[in-house]
Amino acid sequence: MKGLLTAILTLATLCVASARQAPDDSTNYGWKNDLTGNVTLTQASFVNWQQGGENTLAWQAKVNGNFVRDEEKYNWANQIKATLGFAKVGDQEARKSADEIFVESVYTRKRSKLLNPFVAVTAKTQFVSGFEYNDDNKTKISRFLDPGYFTQSLGLGYKPNDRLQTRFGVLVKETITSDFPVPFADDASTVEIEKTKVEPGLSSVTDYKHALREDIIYTSKLDIFSDLEAFNRIDILWENNITLNITKIINVSFEFNLFYDRDLSSKRQIKQVLGLGLSYAFIE
């Protein structure tokens with residue numbers, strides 16, 4: 001946790017420094033929309049290859065949309081992310097490598113230049129079933145809306161410019177399950193099996209986007225939630241992505257996600273993805 005907190009503080013320092021250097025004087029109101037799709041494909045084939053190796057086929061598709069209405073007295077920001085990917089190695093069946101559906105809607109009432117009240121809702125789940133593999137056996141451990149995560153929050157938002165925005169407030173998080181209450185929703189300290197878990201607490205969400213160069217874009221999202229029971233029960237999701245646009249449709253991306261939720265695992269979870277893919281802007 002010490003190294004994790006150091007990384008978070010470093011990111012926060014960089015974001016604040018950037019905010020001071022780039023004030024936002026934009027007065028263009030109305031809808032600002034973008035919707036992009038990305039497909040990454042990896043394939044390797046071996047025939048009589050003496051150094052060894054297994055045939056591999058992997059693909060991942062991603063859609064990311066932002067629909068923002070900015071007016072003089074309010075801002076309504078909506079985001080949708082959808083990712084699905086599979087990988088097949090050797091004679092094994094294809095296994096899921098990425099799966100997420102995320103929707104967020106934030107309404108901010110403009111009261112001052114920097115600090116403004118907001119209300120927000122989010123929803124998160126997956127497309128297809130997930131499995132745990134053990135030797136030749138596989139066990140289903142999740143599926144669409146099982147689990148499903150929903151949040152409602154309100155508080156104050158801070159947006160000094162178009163690069164950085166953060167919000168802090170009270171939040172209620174609901175986790176719903178049907179066939180897989182353990183480990184997602186069940187309280188192990190009770191005899192009854194709970195399929196719904198409700199957690200009130202405090203939340204902080206920070207979004208940062210910066211063009212390091214005209215063709216290199218860095219985005220980061222830091223989501224922190226505390227149910228106020230104990231310090232080591234703070235949930236952290238830190239998503240980072242660097243995209244290098246080689247051409248208008250070809251790009252290289254590196255994704256690094258760090259996730260910590262003691263209810264699911266006492267250790268931090270890390271995901272890294274490096275890919276070369278095709279990207280297309282449906283709306284920009």
# chains A, B, ... in the order shown; residues from 1 in each chain; ligands from 1
>>> residues_around(residues="stretch 258-273 of chain A", least_positions_apart="6", cutoff="9 Å", atoms="only C-alpha atoms", output="NGL selection string")
:A and (1 or 183-185 or 232-240)
>>> write_last_selection(atoms="N, CA and C atoms", output="tab-separated table (two decimals), in the first residue's frame")
chain	number	residue	atom	x	y	z
A	1	MET	N	0.83	-1.21	0.00
A	1	MET	CA	0.00	0.00	0.00
A	1	MET	C	0.87	1.26	0.00
A	183	PRO	N	-17.59	-14.12	-4.35
A	183	PRO	CA	-17.23	-13.21	-3.25
A	183	PRO	C	-17.79	-11.80	-3.41
A	184	PHE	N	-18.68	-11.59	-4.38
A	184	PHE	CA	-19.01	-10.22	-4.76
A	184	PHE	C	-19.94	-9.51	-3.78
A	185	ALA	N	-20.96	-10.19	-3.25
A	185	ALA	CA	-21.95	-9.49	-2.44
A	185	ALA	C	-22.16	-10.09	-1.05
A	232	ASN	N	-7.45	0.06	5.43
A	232	ASN	CA	-7.12	-0.96	4.45
A	232	ASN	C	-8.34	-1.48	3.68
A	233	ARG	N	-9.48	-0.86	3.88
A	233	ARG	CA	-10.68	-1.23	3.13
A	233	ARG	C	-10.99	-0.20	2.04
A	234	ILE	N	-10.05	0.69	1.75
A	234	ILE	CA	-10.24	1.67	0.69
A	234	ILE	C	-10.12	0.97	-0.67
A	235	ASP	N	-11.13	1.12	-1.52
A	235	ASP	CA	-11.12	0.56	-2.86
A	235	ASP	C	-10.48	1.56	-3.82
A	236	ILE	N	-9.56	1.08	-4.66
A	236	ILE	CA	-8.84	1.94	-5.58
A	236	ILE	C	-8.86	1.32	-6.98
A	237	LEU	N	-9.23	2.13	-7.97
A	237	LEU	CA	-9.12	1.74	-9.37
A	237	LEU	C	-8.39	2.87	-10.09
A	238	TRP	N	-7.21	2.54	-10.64
A	238	TRP	CA	-6.40	3.53	-11.34
A	238	TRP	C	-6.15	3.03	-12.76
A	239	GLU	N	-6.75	3.71	-13.73
A	239	GLU	CA	-6.65	3.33	-15.13
A	239	GLU	C	-5.77	4.33	-15.88
A	240	ASN	N	-4.80	3.81	-16.65
A	240	ASN	CA	-3.89	4.65	-17.42
A	240	ASN	C	-3.79	4.12	-18.84
>>> closest_atom_pairs(of="stretch 128-185 of chain A", to="stretch 25-46 of chain A", cutoff="12 Å", atoms="only C-alpha atoms", output="Markdown table")
| residue | atom | partner | partner_atom | distance |
| --- | --- | --- | --- | --- |
| A:Lys159 | CA | A:Asp25 | CA | 11.8 |
| A:Pro160 | CA | A:Asp25 | CA | 9.7 |
| A:Asn161 | CA | A:Asp25 | CA | 8.0 |
| A:Asp162 | CA | A:Ser26 | CA | 8.8 |
>>> residues_around(residues="A:Val89", least_positions_apart="4", cutoff="10 Å", atoms="only C-alpha atoms", output="VMD selection string")
chain A and resid 43 to 44 53 to 58 93 to 95
>>> select_by_dssp(residues="stretch 57-251 of chain A", states="strand (DSSP E or B)", output="PyMOL selection string")
chain A and resi 57-70+74-89+95-109+115-125+130-134+137-143+146+148-158+164-176+196-213+216-226+235-245+250-251
>>> write_last_selection(atoms="C-alpha atoms", output="compact mmCIF listing (two decimals), in the first residue's frame")
# COMPACT_ATOMS: atom_id res chain seq x y z
CA LEU A 57 -4.68 -15.89 -31.92
CA ALA A 58 -5.94 -12.98 -29.84
CA TRP A 59 -8.29 -10.09 -30.53
CA GLN A 60 -9.79 -7.22 -28.61
CA ALA A 61 -12.47 -4.70 -29.62
CA LYS A 62 -13.11 -1.46 -27.78
CA VAL A 63 -15.63 1.38 -28.10
CA ASN A 64 -15.26 4.64 -26.20
CA GLY A 65 -17.80 7.44 -26.37
CA ASN A 66 -18.10 10.84 -24.69
CA PHE A 67 -21.21 12.99 -25.01
CA VAL A 68 -20.92 16.30 -23.20
CA ARG A 69 -23.32 19.22 -23.13
CA ASP A 70 -21.63 22.32 -21.76
CA TYR A 74 -24.44 23.61 -16.18
CA ASN A 75 -22.40 20.75 -17.65
CA TRP A 76 -23.79 17.30 -18.39
CA ALA A 77 -21.07 14.75 -19.19
CA ASN A 78 -21.83 11.17 -20.30
CA GLN A 79 -19.33 8.42 -21.02
CA ILE A 80 -19.64 4.86 -22.26
CA LYS A 81 -16.84 2.30 -22.52
CA ALA A 82 -17.23 -1.20 -23.90
CA THR A 83 -14.41 -3.74 -24.27
CA LEU A 84 -14.40 -7.42 -25.25
CA GLY A 85 -11.47 -9.65 -26.13
CA PHE A 86 -10.53 -13.32 -26.43
CA ALA A 87 -7.25 -15.23 -26.76
CA LYS A 88 -6.64 -18.76 -28.08
CA VAL A 89 -3.32 -20.48 -27.35
CA ARG A 95 -10.57 -17.69 -23.31
CA LYS A 96 -11.77 -14.23 -22.38
CA SER A 97 -8.97 -11.68 -21.98
CA ALA A 98 -11.00 -8.45 -21.58
CA ASP A 99 -14.66 -7.73 -20.86
CA GLU A 100 -16.21 -4.52 -19.55
CA ILE A 101 -19.29 -2.34 -19.94
CA PHE A 102 -19.08 1.00 -18.15
CA VAL A 103 -21.55 3.89 -18.26
CA GLU A 104 -21.20 7.19 -16.37
CA SER A 105 -23.35 10.32 -16.24
CA VAL A 106 -22.32 13.45 -14.31
CA TYR A 107 -24.42 16.60 -14.01
CA THR A 108 -22.60 19.68 -12.67
CA ARG A 109 -24.27 22.95 -11.75
CA LEU A 115 -15.82 24.48 -7.31
CA ASN A 116 -19.31 23.36 -8.32
CA PRO A 117 -21.91 20.90 -6.99
CA PHE A 118 -22.56 17.68 -8.93
CA VAL A 119 -24.65 14.53 -8.99
CA ALA A 120 -23.41 11.39 -10.71
CA VAL A 121 -24.49 7.83 -11.49
CA THR A 122 -22.46 4.92 -12.86
CA ALA A 123 -23.11 1.33 -13.96
CA LYS A 124 -20.57 -1.42 -14.63
CA THR A 125 -20.84 -5.05 -15.72
CA GLY A 130 -16.23 -15.56 -17.05
CA PHE A 131 -14.58 -18.83 -16.08
CA GLU A 132 -11.88 -20.05 -13.71
CA TYR A 133 -9.67 -22.70 -15.33
CA ASN A 134 -8.08 -25.56 -13.37
CA ASN A 137 -11.90 -28.20 -15.79
CA LYS A 138 -13.51 -24.79 -15.95
CA THR A 139 -15.93 -23.21 -13.50
CA LYS A 140 -18.22 -20.32 -14.32
CA ILE A 141 -17.64 -17.44 -11.88
CA SER A 142 -19.47 -14.48 -13.46
CA ARG A 143 -21.80 -13.42 -16.27
CA ASP A 146 -23.72 -10.97 -12.23
CA GLY A 148 -23.40 -5.63 -11.59
CA TYR A 149 -22.09 -2.48 -9.93
CA PHE A 150 -24.11 0.74 -9.57
CA THR A 151 -23.26 4.00 -7.79
CA GLN A 152 -24.99 7.29 -6.99
CA SER A 153 -23.01 10.22 -5.65
CA LEU A 154 -23.17 13.94 -4.97
CA GLY A 155 -20.65 16.51 -3.83
CA LEU A 156 -18.31 19.16 -5.22
CA GLY A 157 -16.43 19.10 -8.50
CA TYR A 158 -13.20 20.90 -9.42
CA LEU A 164 -8.06 17.92 -15.34
CA GLN A 165 -11.31 17.43 -13.49
CA THR A 166 -11.95 15.88 -10.12
CA ARG A 167 -14.92 15.42 -7.84
CA PHE A 168 -15.35 14.50 -4.18
CA GLY A 169 -18.49 13.61 -2.29
CA VAL A 170 -20.71 11.04 -0.63
CA LEU A 171 -21.51 7.88 -2.56
CA VAL A 172 -23.72 4.81 -2.31
CA LYS A 173 -22.45 1.70 -4.12
CA GLU A 174 -24.69 -1.29 -4.84
CA THR A 175 -23.39 -4.68 -5.92
CA ILE A 176 -26.02 -7.08 -7.26
CA THR A 196 -27.10 -7.59 -2.81
CA LYS A 197 -24.55 -5.42 -1.06
CA VAL A 198 -25.07 -1.71 -0.32
CA GLU A 199 -22.07 0.38 0.76
CA PRO A 200 -22.36 4.08 1.68
CA GLY A 201 -19.16 6.06 1.95
CA LEU A 202 -16.93 8.78 0.50
CA SER A 203 -15.67 8.87 -3.07
CA SER A 204 -13.09 10.75 -5.11
CA VAL A 205 -12.84 10.52 -8.92
CA THR A 206 -10.13 12.27 -10.92
CA ASP A 207 -9.89 12.34 -14.73
CA TYR A 208 -6.82 13.61 -16.56
CA LYS A 209 -6.15 13.86 -20.30
CA HIS A 210 -3.06 15.38 -21.86
CA ALA A 211 -1.61 15.45 -25.37
CA LEU A 212 2.10 14.82 -24.74
CA ARG A 213 2.58 15.49 -28.44
CA ILE A 216 0.56 10.94 -28.31
CA ILE A 217 -2.34 11.13 -25.85
CA TYR A 218 -2.21 10.14 -22.18
CA THR A 219 -5.41 9.57 -20.19
CA SER A 220 -5.77 8.61 -16.55
CA LYS A 221 -8.69 7.94 -14.21
CA LEU A 222 -8.27 7.50 -10.47
CA ASP A 223 -11.33 6.27 -8.57
CA ILE A 224 -11.12 5.98 -4.76
CA PHE A 225 -13.90 4.79 -2.46
CA SER A 226 -13.95 4.36 1.31
CA ASP A 235 -11.12 0.56 -2.86
CA ILE A 236 -8.84 1.94 -5.58
CA LEU A 237 -9.12 1.74 -9.37
CA TRP A 238 -6.40 3.53 -11.34
CA GLU A 239 -6.65 3.33 -15.13
CA ASN A 240 -3.89 4.65 -17.42
CA ASN A 241 -3.65 4.65 -21.20
CA ILE A 242 -1.07 6.03 -23.62
CA THR A 243 -2.01 6.05 -27.32
CA LEU A 244 0.41 6.77 -30.17
CA ASN A 245 -1.39 7.58 -33.41
CA ILE A 250 -3.38 2.86 -37.01
CA ASN A 251 -2.25 3.31 -33.42
>>> residues_around(residues="A:Thr247", least_positions_apart="4", cutoff="12 Å", atoms="only C-alpha atoms", output="number ranges by chain")
A: 214-216, 243, 251-252, 276-280
>>> write_last_selection(atoms="C-alpha atoms", output="PDB file, in the first residue's frame")
ATOM      1  CA  GLU A 214       0.142  15.978 -31.279  1.00  0.00           C
ATOM      2  CA  ASP A 215       0.155  12.219 -31.919  1.00  0.00           C
ATOM      3  CA  ILE A 216       0.560  10.943 -28.313  1.00  0.00           C
ATOM      4  CA  THR A 243      -2.005   6.051 -27.317  1.00  0.00           C
ATOM      5  CA  ASN A 251      -2.248   3.305 -33.415  1.00  0.00           C
ATOM      6  CA  VAL A 252      -0.157   1.731 -30.681  1.00  0.00           C
ATOM      7  CA  LEU A 276      -1.165  -2.397 -32.230  1.00  0.00           C
ATOM      8  CA  GLY A 277      -4.594  -1.814 -33.660  1.00  0.00           C
ATOM      9  CA  LEU A 278      -6.967  -0.081 -36.031  1.00  0.00           C
ATOM     10  CA  SER A 279      -9.037   2.850 -34.781  1.00  0.00           C
ATOM     11  CA  TYR A 280     -11.981   4.594 -36.403  1.00  0.00           C
TER      12      TYR A 280
END
>>> residues_around(residues="A:Val182", least_positions_apart="4", cutoff="9 Å", atoms="only C-alpha atoms", output="PDB file with N, CA and C atoms, in the first residue's frame")
ATOM      1  N   THR A 177     -25.939  -9.485  -7.439  1.00  0.00           N
ATOM      2  CA  THR A 177     -25.562 -10.770  -8.012  1.00  0.00           C
ATOM      3  C   THR A 177     -26.788 -11.669  -8.057  1.00  0.00           C
ATOM      4  N   ASP A 186     -21.845 -11.343  -0.861  1.00  0.00           N
ATOM      5  CA  ASP A 186     -22.159 -12.016   0.403  1.00  0.00           C
ATOM      6  C   ASP A 186     -21.292 -11.519   1.547  1.00  0.00           C
ATOM      7  N   ASP A 187     -21.900 -11.371   2.698  1.00  0.00           N
ATOM      8  CA  ASP A 187     -21.194 -11.022   3.928  1.00  0.00           C
ATOM      9  C   ASP A 187     -20.859 -12.319   4.667  1.00  0.00           C
ATOM     10  N   ALA A 188     -19.575 -12.644   4.723  1.00  0.00           N
ATOM     11  CA  ALA A 188     -19.140 -13.915   5.306  1.00  0.00           C
ATOM     12  C   ALA A 188     -19.444 -14.014   6.793  1.00  0.00           C
ATOM     13  N   ILE A 193     -27.085 -15.967   2.936  1.00  0.00           N
ATOM     14  CA  ILE A 193     -26.344 -15.641   1.723  1.00  0.00           C
ATOM     15  C   ILE A 193     -26.963 -14.395   1.089  1.00  0.00           C
ATOM     16  N   GLU A 194     -26.229 -13.283   1.126  1.00  0.00           N
ATOM     17  CA  GLU A 194     -26.736 -12.039   0.555  1.00  0.00           C
ATOM     18  C   GLU A 194     -26.360 -11.936  -0.920  1.00  0.00           C
ATOM     19  N   LYS A 195     -27.328 -11.566  -1.739  1.00  0.00           N
ATOM     20  CA  LYS A 195     -27.092 -11.370  -3.172  1.00  0.00           C
ATOM     21  C   LYS A 195     -27.013  -9.901  -3.551  1.00  0.00           C
TER      22      LYS A 195
END
>>> select_by_dssp(residues="stretch 179-210 of chain A", states="helix (DSSP H, G or I)", output="PyMOL selection string")
chain A and resi 181-184
>>> write_last_selection(atoms="N, CA and C atoms", output="PDB file, in the first residue's frame")
ATOM      1  N   PRO A 181     -23.049 -14.918  -5.505  1.00  0.00           N
ATOM      2  CA  PRO A 181     -22.958 -13.949  -4.399  1.00  0.00           C
ATOM      3  C   PRO A 181     -21.585 -13.923  -3.734  1.00  0.00           C
ATOM      4  N   VAL A 182     -20.883 -15.056  -3.767  1.00  0.00           N
ATOM      5  CA  VAL A 182     -19.530 -15.130  -3.210  1.00  0.00           C
ATOM      6  C   VAL A 182     -18.534 -15.058  -4.364  1.00  0.00           C
ATOM      7  N   PRO A 183     -17.592 -14.119  -4.350  1.00  0.00           N
ATOM      8  CA  PRO A 183     -17.232 -13.212  -3.247  1.00  0.00           C
ATOM      9  C   PRO A 183     -17.786 -11.795  -3.411  1.00  0.00           C
ATOM     10  N   PHE A 184     -18.678 -11.589  -4.376  1.00  0.00           N
ATOM     11  CA  PHE A 184     -19.007 -10.223  -4.760  1.00  0.00           C
ATOM     12  C   PHE A 184     -19.939  -9.508  -3.782  1.00  0.00           C
TER      13      PHE A 184
END
>>> atom_distance(atom1="atom CA of A:Phe231", atom2="atom CA of A:Ser189")
19.6 Å
>>> atom_distance(atom1="atom CA of A:Asp135", atom2="atom CA of A:Asp179")
23.3 Å
>>> atom_distance(atom1="atom CA of A:Phe127", atom2="atom CA of A:Lys248")
28.8 Å
